[in-house]
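Next comes model.cif, a file with mmCIF, C-alpha atoms.
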data_work
loop_
_atom_site.label_atom_id
_atom_site.label_comp_id
_atom_site.auth_asym_id
_atom_site.auth_seq_id
_atom_site.Cartn_x
_atom_site.Cartn_y
_atom_site.Cartn_z
CA MET A 1 59.20 -48.72 29.24
CA ASN A 2 56.42 -50.46 27.37
CA ILE A 3 53.18 -49.72 29.22
CA GLU A 4 51.08 -52.00 27.03
CA ALA A 5 53.32 -54.99 27.75
CA ILE A 6 53.20 -54.32 31.49
CA LYS A 7 49.42 -53.99 31.45
CA ASN A 8 49.17 -57.22 29.52
CA LEU A 9 51.24 -59.04 32.14
CA LEU A 10 49.37 -57.54 35.10
CA TYR A 11 45.96 -58.29 33.59
CA LYS A 12 46.60 -61.97 33.05
CA MET A 13 47.98 -62.35 36.56
CA ALA A 14 45.19 -60.37 38.22
CA ASP A 15 42.45 -62.15 36.27
CA ASP A 16 43.89 -65.57 37.13
CA GLN A 17 43.94 -64.64 40.84
CA LEU A 18 40.48 -63.12 40.89
CA ILE A 19 38.78 -65.99 39.10
CA LEU A 20 40.53 -68.78 40.99
CA GLY A 21 40.02 -66.92 44.27
CA HIS A 22 36.27 -66.83 43.60
CA ARG A 23 36.19 -70.42 42.43
CA ASN A 24 38.01 -71.69 45.52
CA SER A 25 35.80 -69.62 47.82
CA GLU A 26 32.94 -71.89 46.69
CA TRP A 27 34.37 -74.50 49.08
CA ILE A 28 33.79 -72.33 52.16
CA GLY A 29 31.88 -74.35 54.73
CA GLN A 30 32.12 -77.52 52.65
CA GLY A 31 35.77 -78.52 53.00
CA PRO A 32 36.67 -82.10 53.92
CA LEU A 33 37.66 -81.10 57.46
CA LEU A 34 37.36 -77.91 59.46
CA GLU A 35 41.09 -77.16 59.47
CA GLU A 36 41.33 -77.58 55.70
CA ASP A 37 38.20 -75.50 55.17
CA ILE A 38 39.80 -72.58 57.02
CA ALA A 39 43.14 -72.92 55.22
CA PHE A 40 41.60 -73.24 51.75
CA ALA A 41 39.23 -70.32 52.32
CA SER A 42 42.10 -68.14 53.59
CA MET A 43 44.15 -68.88 50.50
CA ALA A 44 41.17 -68.01 48.28
CA GLN A 45 40.96 -64.70 50.14
CA ASP A 46 44.71 -64.17 49.59
CA LYS A 47 44.17 -64.60 45.86
CA VAL A 48 41.38 -62.05 45.69
CA GLY A 49 43.60 -59.72 47.75
CA GLN A 50 46.49 -60.23 45.33
CA SER A 51 44.25 -59.49 42.35
CA TYR A 52 43.11 -56.28 44.05
CA THR A 53 46.73 -55.15 44.44
CA LEU A 54 47.42 -55.88 40.77
CA TYR A 55 44.25 -54.05 39.64
CA GLN A 56 45.39 -51.08 41.71
CA MET A 57 48.68 -51.05 39.80
CA LEU A 58 46.71 -51.20 36.55
CA ASN A 59 44.61 -48.30 37.78
CA GLU A 60 47.80 -46.27 38.27
CA LEU A 61 48.71 -47.10 34.67
CA GLY A 62 45.45 -45.56 33.46
CA GLU A 63 42.99 -48.47 33.64
CA ASP A 64 39.60 -48.21 35.35
CA GLU A 65 39.32 -48.58 39.12
CA PRO A 66 39.63 -52.10 40.60
CA ASP A 67 35.93 -52.73 41.35
CA LYS A 68 34.89 -51.76 37.84
CA VAL A 69 37.62 -53.79 36.20
CA ALA A 70 36.78 -56.80 38.36
CA PHE A 71 33.00 -56.74 38.09
CA LEU A 72 31.97 -54.90 34.93
CA ARG A 73 33.85 -56.70 32.17
CA MET A 74 32.42 -59.46 30.00
CA ALA A 75 34.05 -62.89 29.69
CA GLU A 76 35.82 -62.06 26.41
CA GLN A 77 37.57 -59.12 28.13
CA PHE A 78 39.18 -61.42 30.71
CA HIS A 79 42.75 -62.64 30.27
CA ASN A 80 42.75 -65.51 32.75
CA SER A 81 43.73 -69.00 31.64
CA GLN A 82 40.80 -71.35 31.05
CA PHE A 83 42.16 -73.58 33.81
CA VAL A 84 41.11 -71.25 36.65
CA GLU A 85 37.52 -70.80 35.44
CA LEU A 86 36.65 -74.51 35.43
CA PRO A 87 34.10 -75.51 38.10
CA ILE A 88 35.52 -76.71 41.42
CA GLY A 89 34.44 -80.30 40.74
CA GLU A 90 35.21 -82.67 43.58
CA TYR A 91 37.98 -81.99 46.08
CA ASP A 92 40.49 -84.08 44.10
CA PHE A 93 40.26 -81.70 41.14
CA SER A 94 40.35 -78.58 43.31
CA LEU A 95 43.47 -79.86 45.08
CA ILE A 96 45.21 -80.75 41.82
CA ARG A 97 44.38 -77.31 40.40
CA HIS A 98 45.63 -75.70 43.62
CA PHE A 99 48.89 -77.65 43.24
CA LEU A 100 49.40 -76.99 39.51
CA PHE A 101 48.35 -73.34 39.56
CA ASP A 102 49.97 -72.28 42.81
CA THR A 103 53.31 -73.83 41.86
CA ALA A 104 53.28 -71.70 38.71
CA ASP A 105 52.17 -68.69 40.73
CA TYR A 106 55.01 -69.09 43.22
CA TYR A 107 57.65 -69.27 40.49
CA ARG A 108 56.07 -66.39 38.57
CA PHE A 109 56.43 -64.12 41.61
CA ASP A 110 59.91 -65.51 42.23
CA MET A 111 60.92 -64.56 38.68
CA LEU A 112 59.27 -61.14 38.97
CA ILE A 113 61.54 -60.25 41.88
CA ASN A 114 64.13 -59.61 39.14
CA SER A 115 61.76 -57.44 37.08
CA SER A 116 63.20 -54.21 35.67
CA ILE A 117 59.97 -52.48 36.74
CA GLU A 118 60.55 -51.55 40.36
CA PRO A 119 56.94 -51.57 41.66
CA ILE A 120 56.48 -55.06 40.20
CA SER A 121 59.71 -56.27 41.74
CA LEU A 122 58.75 -54.85 45.15
CA LEU A 123 55.28 -56.39 44.97
CA ALA A 124 56.72 -59.78 44.01
CA ARG A 125 59.13 -59.65 46.93
CA LYS A 126 56.23 -58.90 49.25
CA LEU A 127 53.80 -61.55 47.97
CA LYS A 128 56.29 -64.38 47.53
CA GLY A 129 55.93 -65.53 51.14
CA GLU A 130 52.18 -65.79 50.78
CA CYS A 131 52.58 -67.84 47.60
CA ARG A 132 55.20 -70.00 49.31
CA TYR A 133 52.65 -71.06 51.90
CA HIS A 134 50.08 -71.83 49.19
CA SER A 135 52.61 -74.01 47.42
CA MET A 136 53.71 -75.77 50.64
CA HIS A 137 50.09 -76.51 51.48
CA ALA A 138 49.42 -77.97 48.04
CA ASP A 139 52.62 -80.06 48.09
CA GLY A 140 51.67 -81.42 51.52
CA TRP A 141 48.30 -82.70 50.35
CA ILE A 142 49.61 -84.14 47.08
CA LYS A 143 52.33 -86.08 48.89
CA LYS A 144 49.88 -87.30 51.52
CA LEU A 145 47.00 -88.33 49.27
CA GLY A 146 49.32 -89.39 46.43
CA ASN A 147 50.65 -92.04 48.82
CA GLY A 148 47.33 -92.70 50.54
CA THR A 149 44.69 -95.27 49.67
CA ASP A 150 43.80 -96.76 46.27
CA GLU A 151 40.88 -94.37 46.14
CA SER A 152 42.91 -91.23 46.91
CA ILE A 153 45.63 -92.20 44.43
CA ASN A 154 43.16 -93.06 41.64
CA ARG A 155 41.16 -89.90 42.21
CA LEU A 156 44.23 -87.66 42.16
CA GLN A 157 45.58 -89.46 39.10
CA SER A 158 42.45 -88.94 37.04
CA ALA A 159 42.16 -85.33 38.20
CA LEU A 160 45.81 -84.80 37.24
CA SER A 161 45.39 -86.33 33.79
CA TYR A 162 42.30 -84.21 33.17
CA ALA A 163 43.91 -81.02 34.48
CA ILE A 164 47.30 -81.13 32.74
CA PRO A 165 46.23 -79.79 29.29
CA TYR A 166 44.42 -76.93 31.01
CA ALA A 167 47.37 -76.27 33.34
CA LEU A 168 49.67 -75.99 30.33
CA GLY A 169 47.34 -73.22 29.14
CA ILE A 170 48.66 -71.06 32.00
CA PHE A 171 51.85 -70.62 29.96
CA GLU A 172 50.18 -69.35 26.79
CA GLU A 173 52.37 -66.56 25.45
CA SER A 174 50.86 -63.17 24.78
CA LYS A 175 51.56 -60.87 21.82
CA MET A 176 53.81 -58.87 24.14
CA GLU A 177 55.97 -61.82 25.18
CA ASP A 178 59.12 -60.74 23.33
CA THR A 179 58.90 -57.20 24.71
CA LEU A 180 58.45 -58.50 28.25
CA ILE A 181 61.59 -60.61 27.94
CA GLU A 182 63.72 -58.07 26.03
CA GLU A 183 62.98 -55.31 28.51
CA ASN A 184 63.55 -57.64 31.48
CA ILE A 185 60.02 -57.03 32.73
CA PHE A 186 59.36 -60.76 33.06
CA GLY A 187 61.53 -63.77 32.21
CA GLY A 188 58.81 -65.28 30.02
CA GLU A 189 56.32 -68.14 30.00
CA ILE A 190 58.73 -70.72 28.55
CA LEU A 191 61.21 -70.25 31.36
CA LEU A 192 58.40 -70.25 33.92
CA ARG A 193 57.07 -73.49 32.45
CA GLU A 194 60.49 -75.13 32.82
CA ARG A 195 60.69 -74.22 36.50
CA TRP A 196 57.09 -75.35 37.00
CA ILE A 197 57.76 -78.76 35.41
CA GLU A 198 60.85 -79.22 37.57
CA HIS A 199 58.85 -78.63 40.75
CA ILE A 200 55.71 -80.65 39.96
CA ASP A 201 57.87 -83.49 38.69
CA LYS A 202 59.85 -83.48 41.94
CA VAL A 203 56.68 -83.61 44.08
CA ILE A 204 54.86 -86.17 41.93
CA SER A 205 57.90 -88.47 41.85
CA GLN A 206 57.58 -88.73 45.65
CA THR A 207 54.09 -90.20 45.23
CA GLN A 208 52.37 -93.13 43.49
CA LEU A 209 51.10 -90.71 40.84
CA VAL A 210 52.37 -90.54 37.28
CA LEU A 211 52.92 -87.24 35.49
CA PRO A 212 51.54 -87.56 31.93
CA ASP A 213 54.05 -87.08 29.11
CA LEU A 214 53.77 -83.33 28.60
CA ALA A 215 55.13 -83.50 25.04
CA LEU A 216 52.06 -85.51 24.00
CA GLU A 217 49.55 -83.07 25.50
CA SER A 218 47.91 -80.26 23.56
CA PRO A 219 47.46 -77.29 25.88
CA HIS A 220 44.09 -75.53 26.18
CA PHE A 221 45.08 -72.10 24.94
CA GLY A 222 42.91 -69.06 24.25
CA GLY A 223 42.25 -67.69 27.72
CA ARG A 224 44.92 -64.99 27.45
CA TYR A 225 43.18 -63.73 24.28
CA GLY A 226 39.65 -63.68 25.70
CA ILE A 227 38.55 -67.11 24.49
CA HIS A 228 36.90 -68.89 27.39
CA THR A 229 34.90 -71.96 28.28
CA GLU A 230 31.16 -71.83 28.93
CA HIS A 231 31.94 -71.69 32.66
CA LEU A 232 33.35 -68.16 32.93
CA GLN A 233 30.35 -65.95 32.09
CA PRO A 234 27.99 -67.54 34.67
CA LEU A 235 30.69 -67.07 37.32
CA LEU A 236 31.12 -63.39 36.34
CA ASN A 237 27.34 -62.91 36.47
CA GLU A 238 27.31 -64.27 39.99
CA MET A 239 30.30 -62.18 41.08
CA SER A 240 28.71 -58.97 39.78
CA GLU A 241 25.22 -59.54 41.18
CA VAL A 242 25.55 -56.81 43.82
CA ILE A 243 27.07 -54.15 41.57
CA ALA A 244 24.52 -54.96 38.85
CA THR A 245 21.65 -54.47 41.33
CA ASP A 246 23.07 -51.28 42.85
CA PRO A 247 26.08 -49.69 41.13
CA THR A 248 26.61 -47.35 44.10
CA ALA A 249 26.69 -50.16 46.67
CA ASP A 250 29.58 -49.94 49.12
CA TRP A 251 31.20 -52.99 50.75
CA MET B 252 17.71 -97.80 86.62
CA GLU B 253 17.01 -94.42 88.20
CA LYS B 254 15.75 -91.74 85.84
CA VAL B 255 18.00 -88.70 85.65
CA LEU B 256 16.23 -85.44 84.87
CA ASP B 257 19.32 -83.41 83.91
CA PRO B 258 18.81 -82.73 80.16
CA ARG B 259 22.54 -83.08 79.49
CA PHE B 260 22.38 -86.73 80.46
CA GLN B 261 19.37 -87.35 78.26
CA ARG B 262 21.03 -85.68 75.28
CA LEU B 263 24.09 -87.83 75.75
CA ASP B 264 22.02 -90.99 75.89
CA ILE B 265 24.48 -92.11 78.53
CA PHE B 266 22.54 -95.14 79.78
CA LYS B 267 22.03 -96.48 76.28
CA ALA B 268 25.75 -96.18 75.71
CA GLN B 269 26.41 -98.22 78.85
CA ILE B 270 24.00 -100.94 77.78
CA ASN B 271 25.46 -101.17 74.28
CA GLY B 272 29.04 -101.28 75.49
CA PRO B 273 31.85 -99.00 74.36
CA THR B 274 31.01 -96.65 71.51
CA GLU B 275 32.70 -96.97 68.16
CA LYS B 276 35.95 -95.11 67.64
CA LEU B 277 35.37 -91.71 66.05
CA ASP B 278 36.32 -91.45 62.41
CA GLN B 279 38.69 -88.54 62.93
CA LEU B 280 42.31 -87.70 62.24
CA PRO B 281 44.63 -87.61 65.27
CA THR B 282 45.13 -84.36 67.17
CA PHE B 283 48.28 -82.23 67.28
CA GLU B 284 49.15 -79.58 69.84
CA VAL B 285 50.11 -76.22 68.38
CA PHE B 286 52.63 -73.81 69.93
CA VAL B 287 52.90 -70.32 68.46
CA LEU B 288 55.63 -67.68 68.63
CA LEU B 289 53.83 -64.36 68.25
CA ARG B 290 56.94 -62.23 67.68
CA GLU B 291 60.65 -62.92 67.26
CA ALA B 292 61.58 -61.77 70.76
CA GLY B 293 58.74 -63.65 72.48
CA ILE B 294 58.37 -67.22 73.70
CA TYR B 295 56.39 -70.10 72.25
CA GLN B 296 53.05 -70.71 73.91
CA HIS B 297 50.32 -73.31 73.48
CA GLU B 298 47.48 -71.98 71.30
CA GLY B 299 45.31 -75.01 70.65
CA ILE B 300 44.78 -78.22 68.74
CA VAL B 301 44.33 -79.21 65.10
CA HIS B 302 43.28 -82.50 63.51
CA ALA B 303 45.72 -83.59 60.82
CA PRO B 304 47.18 -86.69 59.16
CA ASP B 305 50.75 -85.88 60.31
CA ARG B 306 52.76 -83.16 62.04
CA GLU B 307 53.76 -81.43 58.78
CA MET B 308 50.13 -81.13 57.70
CA ALA B 309 49.29 -80.05 61.26
CA PHE B 310 51.78 -77.21 60.77
CA LEU B 311 50.11 -76.21 57.49
CA PHE B 312 46.66 -76.17 59.12
CA ALA B 313 47.89 -74.43 62.28
CA LYS B 314 49.33 -71.63 60.14
CA GLU B 315 45.84 -70.53 59.07
CA GLN B 316 44.05 -71.70 62.19
CA PHE B 317 46.20 -69.80 64.67
CA SER B 318 48.04 -67.13 62.66
CA ARG B 319 45.28 -65.89 60.37
CA ARG B 320 45.18 -62.49 62.03
CA GLN B 321 47.82 -61.77 64.66
CA THR B 322 51.47 -61.55 63.74
CA CYS B 323 53.46 -64.77 63.90
CA ALA B 324 57.13 -65.67 63.85
CA GLY B 325 57.03 -69.46 64.19
CA ILE B 326 54.93 -72.56 64.92
CA TRP B 327 55.70 -75.92 66.54
CA THR B 328 53.38 -78.92 66.18
CA ILE B 329 53.47 -82.26 68.01
CA GLU B 330 51.08 -85.20 68.16
CA THR B 331 49.09 -85.04 71.41
CA PRO B 332 50.11 -88.42 72.92
CA ASN B 333 53.79 -87.43 72.64
CA ILE B 334 53.33 -84.90 75.42
CA PHE B 335 53.96 -86.13 78.96
CA VAL B 336 51.73 -84.26 81.41
CA SER B 337 52.88 -83.77 85.00
CA PRO B 338 50.41 -83.97 87.91
CA TYR B 339 48.43 -80.77 88.53
CA SER B 340 48.87 -78.72 91.67
CA GLU B 341 46.81 -75.90 93.16
CA ASN B 342 47.20 -72.52 94.81
CA LYS B 343 50.84 -71.77 95.54
CA VAL B 344 52.09 -75.34 95.46
CA SER B 345 54.59 -76.02 92.68
CA ILE B 346 54.65 -79.43 91.00
CA TYR B 347 58.42 -79.24 91.38
CA ASP B 348 57.99 -79.49 95.19
CA ALA B 349 57.49 -83.22 94.68
CA VAL B 350 60.39 -83.55 92.23
CA GLN B 351 63.94 -84.47 93.25
CA ALA B 352 66.31 -82.06 91.43
CA SER B 353 68.99 -83.77 89.38
CA ALA B 354 72.28 -82.32 88.18
CA GLU B 355 72.91 -85.41 86.10
CA THR B 356 71.69 -84.91 82.52
CA GLY B 357 70.87 -87.46 79.81
CA ASN B 358 71.25 -87.67 76.03
CA GLU B 359 67.79 -86.86 74.68
CA PRO B 360 66.76 -83.19 74.30
CA TYR B 361 63.35 -82.43 75.86
CA LYS B 362 61.27 -79.26 75.68
CA ILE B 363 59.58 -78.19 78.92
CA PHE B 364 56.42 -76.06 79.11
CA HIS B 365 55.04 -74.50 82.29
CA MET B 366 51.56 -73.40 83.29
CA LEU B 367 51.83 -70.73 85.98
CA LYS B 368 48.16 -69.80 86.32
CA ARG B 369 44.97 -71.87 86.06
CA GLY B 370 43.26 -71.31 82.73
CA LYS B 371 46.37 -69.78 81.14
CA GLN B 372 48.35 -71.35 78.33
CA HIS B 373 51.44 -73.46 78.80
CA LYS B 374 54.53 -71.47 77.87
CA TYR B 375 57.92 -72.73 76.76
CA ALA B 376 60.27 -72.79 79.76
CA GLY B 377 63.40 -74.25 78.18
CA LYS B 378 65.25 -77.28 76.94
CA VAL B 379 66.97 -79.98 79.02
CA HIS B 380 68.82 -83.19 78.18
CA ALA B 381 67.42 -86.25 79.96
CA ASN B 382 66.67 -89.95 79.65
CA SER B 383 62.89 -89.89 80.23
CA PRO B 384 60.13 -87.30 80.75
CA GLU B 385 60.26 -87.89 84.52
CA HIS B 386 64.02 -87.44 84.47
CA ALA B 387 63.58 -84.29 82.34
CA LEU B 388 61.53 -82.73 85.14
CA GLN B 389 64.28 -83.56 87.64
CA VAL B 390 66.87 -81.93 85.39
CA ALA B 391 64.51 -78.98 84.77
CA LYS B 392 64.19 -78.35 88.50
CA ALA B 393 67.93 -77.84 88.69
CA ALA B 394 68.48 -76.10 85.34
CA LEU B 395 65.42 -73.92 84.63
CA ASP B 396 63.76 -71.03 86.44
CA VAL B 397 61.27 -72.66 88.81
CA SER B 398 61.14 -69.80 91.31
CA LYS B 399 57.41 -69.20 90.69
CA PRO B 400 54.97 -72.02 91.55
CA VAL B 401 54.43 -74.18 88.45
CA LEU B 402 50.88 -75.62 88.45
CA ASN B 403 51.47 -78.04 85.61
CA ALA B 404 54.30 -78.97 83.25
CA TRP B 405 54.35 -80.53 79.79
CA VAL B 406 57.41 -82.47 78.70
CA ALA B 407 58.10 -83.71 75.18
CA ARG B 408 61.04 -84.97 73.17
CA GLU B 409 62.39 -82.27 70.87
CA SER B 410 62.60 -84.78 68.01
CA ASP B 411 58.81 -85.26 68.14
CA PHE B 412 58.18 -81.62 67.17
CA PHE B 413 57.80 -80.21 63.69
CA GLU B 414 59.29 -76.71 63.73
CA THR B 415 59.16 -73.80 61.28
CA SER B 416 62.41 -73.56 59.34
CA GLU B 417 64.16 -70.19 59.06
CA GLU B 418 63.46 -69.92 55.33
CA ASP B 419 59.76 -70.78 55.75
CA LYS B 420 59.26 -67.81 58.06
CA GLU B 421 58.61 -65.65 55.00
CA ILE B 422 55.09 -67.15 54.86
CA TRP B 423 54.08 -64.58 57.49
CA ASN B 424 55.58 -61.56 55.68
CA THR B 425 52.32 -60.04 54.51
CA LEU B 426 50.30 -60.85 57.64
CA PRO B 427 50.34 -57.37 59.27
CA GLU B 428 48.86 -55.89 56.09
CA LYS B 429 45.93 -58.29 55.83
CA THR B 430 43.55 -56.02 57.69
CA PHE B 431 40.75 -57.36 55.48
CA ARG B 432 40.87 -60.51 57.58
CA GLU B 433 39.51 -58.50 60.51
CA ALA B 434 35.73 -58.18 60.56
CA ILE B 435 36.17 -54.66 61.94
CA ASP B 436 37.90 -53.62 58.71
CA TYR B 437 34.54 -53.67 56.92
CA LYS B 438 33.09 -51.10 59.37
CA GLY B 439 29.76 -52.95 59.21
CA GLN B 440 28.13 -51.20 62.15
CA ALA B 441 29.11 -47.74 60.86
CA LYS B 442 27.53 -48.58 57.51
CA ILE B 443 24.33 -49.85 59.14
CA ASP B 444 24.14 -46.73 61.31
CA ALA B 445 24.64 -44.46 58.28
CA PHE B 446 21.98 -46.39 56.37
CA LEU B 447 19.47 -46.13 59.23
CA ALA B 448 20.18 -42.40 59.70
CA GLU B 449 19.65 -41.83 55.97
CA ASN B 450 16.37 -43.78 56.05
CA ASN B 451 15.04 -41.97 59.10
CA LYS B 452 15.74 -38.64 57.43
CA THR B 453 13.81 -39.49 54.29
CA SER B 454 10.84 -41.21 55.94
#
Would you put the structure from the file into structure tokens?
Amino acid sequence: MNIEAIKNLLYKMADDQLILGHRNSEWIGQGPLLEEDIAFASMAQDKVGQSYTLYQMLNELGEDEPDKVAFLRMAEQFHNSQFVELPIGEYDFSLIRHFLFDTADYYRFDMLINSSIEPISLLARKLKGECRYHSMHADGWIKKLGNGTDESINRLQSALSYAIPYALGIFEESKMEDTLIEENIFGGEILLRERWIEHIDKVISQTQLVLPDLALESPHFGGRYGIHTEHLQPLLNEMSEVIATDPTADW
Amino acid sequence: MEKVLDPRFQRLDIFKAQINGPTEKLDQLPTFEVFVLLREAGIYQHEGIVHAPDREMAFLFAKEQFSRRQTCAGIWTIETPNIFVSPYSENKVSIYDAVQASAETGNEPYKIFHMLKRGKQHKYAGKVHANSPEHALQVAKAALDVSKPVLNAWVARESDFFETSEEDKEIWNTLPEKTFREAIDYKGQAKIDAFLAENNKTS
């Protein structure tokens, strides 16, 4: 069992969840309608909860405790994709990111059900339902607004075109990729990407939107190796305000 | 026009509204009624209303609106105008007293919901096959349990509902463990009390 490879996998998943969970929580109280506000906020909370579970597993593998890992690292120590750290923008971008990220997330957990590492397999089995709802919710909006008015279609289309290179960055392979696949810990980013494309293509083809030609896109890589946009550090500073003021604070 | 002193009338600007004619239609999405099954062995009951563009989206909103905390095993959503509402009755008088029971069924499946107590939710009473909502009540009188006085009934075509599929039920798998969704999980008052006790000791 390759502990380093497992840690590498858990870190990128946990960091993606934590950062996107915090980003999406910025919409609380500002959603386009009350019902959506509640749903979107709940899903953001789910993501932070999922990251906590993954940090706990990392803790059992010898890493620092979850609060420290979440709030005391600098941007270059984070393994999240650049996609999740981007500002929330307008609701069109946040919805497109929700759709593109949560589809990948659903299939990642689906693949991890077959992981040779039992605790990971059990966790994936448990969280898959949660991710299924996130994905259903995203699909619902994309189909609705992707067939809505000129404005909703144009807005989603430009958000989609902007987001795609970043979304492809989710599937950046780590140094441990071969080990993960050989030891059946995780089926790998390439396979995940194939399943992701199949799903987003299926949803988008039911709308007036056009999926850009993915072969012509250059993905925004680097996030998995600690290279981030200018947007991550300010977010981390905000997230760690309490612990920075009083390291013994309890919440 | 006589001046009304009740502040509720003044806040509503009710006389101005009458002078200016009907008010503009609200810019809101339509409403959907939400029925929730709390546990597998239970029965569906009305929990409330959501605004949504369609019944599928209503289902997605209702999931977080009405099953954020308690357990849940299924949700039905239906657009409000698709529900036929029977007359209301009072005390021990059942609405079925005024309905002629019919043994003759129709082709369309209808769901029937009963309210047995004022202020309580409508609960699913059963399914009948009929030709109209009025006919469905006649069939229901003969086919369903109407031994207790029913104060109000809702009738709606089964095909107008959006229902949770069997495979989608896994979306509630982790719900019992999400104790962090309960405010009480943060033990806020206990922490405030401990903080105050600590401060009183030192001062």
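Proximity ranking of B:Asn450, B:Asn358, B:Thr425, B:Ser353 relative to A:Glu130 places B:Thr425 first, based on all atoms listed in the file.
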Using only C-alpha atoms, find each residue of chain A with at least one atom at most 7 Å away from an atom of chain B; report its shortest atom-to-atom pair and that distance in Å (one decimal), sort the rows by chain and rising residue number, and return the result as CSV.
residue,atom,partner,partner_atom,distance
A:Glu35,CA,B:Phe312,CA,5.7
A:Glu36,CA,B:Phe312,CA,6.5
A:Ile38,CA,B:Glu315,CA,6.7
A:Ala39,CA,B:Glu315,CA,5.3
A:Lys126,CA,B:Thr425,CA,6.7
A:Leu127,CA,B:Thr425,CA,6.9
A:Gly129,CA,B:Ile422,CA,4.1
A:Glu130,CA,B:Ile422,CA,5.2
A:Arg132,CA,B:Ile422,CA,6.2
A:Tyr133,CA,B:Ile422,CA,5.5
A:His137,CA,B:Leu311,CA,6.0
A:Gly140,CA,B:Met308,CA,6.4
Stretch 109-127 of chain A, all listed atoms, 6 Å padding on each side: what axis-aligned box centre and edge lengths in Å to one decimal come out, as lines of an AutoDock Vina configuration file?
center_x = 59.0
center_y = -58.5
center_z = 42.5
size_x = 22.3
size_y = 26.0
size_z = 25.6
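Of the listed residues (A:Asn59, A:Thr53, A:Gln233, A:Ser135), A:Ser135 comes nearest to A:Leu100; the distances count all atoms listed in the file.
Atom CA of A:Val203 sits 16.7 Å away from atom CA of A:Asn154.
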**OP:** Might you pull out every residue within 8 Å of stretch 335-350 of chain B, with all atoms listed in the file counted and same-chain residues fewer than 4 positions away left off, and present them as a VMD selection string?
**Re:** chain B and resid 384 388 to 389 392 397 399 to 407
So what does the PyMOL selection byres ((chain B and resi 368-382) around 6) actually pick up in this one, as a PDB file with C-alpha atoms, keeping the file's coordinate frame?
ATOM      1  CA  TYR B 295      56.390 -70.100  72.250  1.00  0.00           C
ATOM      2  CA  GLN B 296      53.050 -70.710  73.910  1.00  0.00           C
ATOM      3  CA  HIS B 297      50.320 -73.310  73.480  1.00  0.00           C
ATOM      4  CA  THR B 356      71.690 -84.910  82.520  1.00  0.00           C
ATOM      5  CA  GLY B 357      70.870 -87.460  79.810  1.00  0.00           C
ATOM      6  CA  ASN B 358      71.250 -87.670  76.030  1.00  0.00           C
ATOM      7  CA  GLU B 359      67.790 -86.860  74.680  1.00  0.00           C
ATOM      8  CA  PRO B 360      66.760 -83.190  74.300  1.00  0.00           C
ATOM      9  CA  TYR B 361      63.350 -82.430  75.860  1.00  0.00           C
ATOM     10  CA  LYS B 362      61.270 -79.260  75.680  1.00  0.00           C
ATOM     11  CA  ILE B 363      59.580 -78.190  78.920  1.00  0.00           C
ATOM     12  CA  PHE B 364      56.420 -76.060  79.110  1.00  0.00           C
ATOM     13  CA  HIS B 365      55.040 -74.500  82.290  1.00  0.00           C
ATOM     14  CA  MET B 366      51.560 -73.400  83.290  1.00  0.00           C
ATOM     15  CA  LEU B 367      51.830 -70.730  85.980  1.00  0.00           C
ATOM     16  CA  SER B 383      62.890 -89.890  80.230  1.00  0.00           C
ATOM     17  CA  HIS B 386      64.020 -87.440  84.470  1.00  0.00           C
ATOM     18  CA  ALA B 387      63.580 -84.290  82.340  1.00  0.00           C
TER      19      ALA B 387
END
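The residues returned by the PyMOL selection byres ((chain A and resi 236) around 10) for this structure are Ile19, His22, Ala70, Phe71, Leu72, Arg73, Met74, Ala75, Glu85, His231, Leu232, Gln233, Pro234, Leu235, Asn237, Glu238, Met239, Ser240 and Glu241 of chain A.
Protein and nucleic acid residues near (49.2, -56.6, 44.0) are A:Leu10, A:Met13, A:Ala14, A:Lys47, A:Val48, A:Gly49, A:Gln50, A:Ser51, A:Tyr52, A:Thr53, A:Leu54, A:Tyr55, A:Gln56, A:Met57, A:Leu58, A:Pro119, A:Ile120, A:Leu122, A:Leu123, A:Ala124, A:Lys126, A:Leu127, the criterion being any atom at most 10 Å away using all atoms listed in the file.
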Using the chain letters and residue numbers of this document, give as a PDB file with C-alpha atoms, keeping the file's coordinate frame the residues selected by the PyMOL selection byres ((chain A and resi 193-195) around 10).
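Done, and the output landed in expr-v8.pdb:
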ATOM      1  CA  THR A 103      53.310 -73.830  41.860  1.00  0.00           C
ATOM      2  CA  ALA A 104      53.280 -71.700  38.710  1.00  0.00           C
ATOM      3  CA  TYR A 107      57.650 -69.270  40.490  1.00  0.00           C
ATOM      4  CA  ARG A 108      56.070 -66.390  38.570  1.00  0.00           C
ATOM      5  CA  MET A 111      60.920 -64.560  38.680  1.00  0.00           C
ATOM      6  CA  LEU A 168      49.670 -75.990  30.330  1.00  0.00           C
ATOM      7  CA  ILE A 170      48.660 -71.060  32.000  1.00  0.00           C
ATOM      8  CA  PHE A 171      51.850 -70.620  29.960  1.00  0.00           C
ATOM      9  CA  GLU A 172      50.180 -69.350  26.790  1.00  0.00           C
ATOM     10  CA  GLY A 188      58.810 -65.280  30.020  1.00  0.00           C
ATOM     11  CA  GLU A 189      56.320 -68.140  30.000  1.00  0.00           C
ATOM     12  CA  ILE A 190      58.730 -70.720  28.550  1.00  0.00           C
ATOM     13  CA  LEU A 191      61.210 -70.250  31.360  1.00  0.00           C
ATOM     14  CA  LEU A 192      58.400 -70.250  33.920  1.00  0.00           C
ATOM     15  CA  TRP A 196      57.090 -75.350  37.000  1.00  0.00           C
ATOM     16  CA  ILE A 197      57.760 -78.760  35.410  1.00  0.00           C
ATOM     17  CA  GLU A 198      60.850 -79.220  37.570  1.00  0.00           C
ATOM     18  CA  HIS A 199      58.850 -78.630  40.750  1.00  0.00           C
ATOM     19  CA  ILE A 200      55.710 -80.650  39.960  1.00  0.00           C
ATOM     20  CA  ASP A 201      57.870 -83.490  38.690  1.00  0.00           C
TER      21      ASP A 201
END
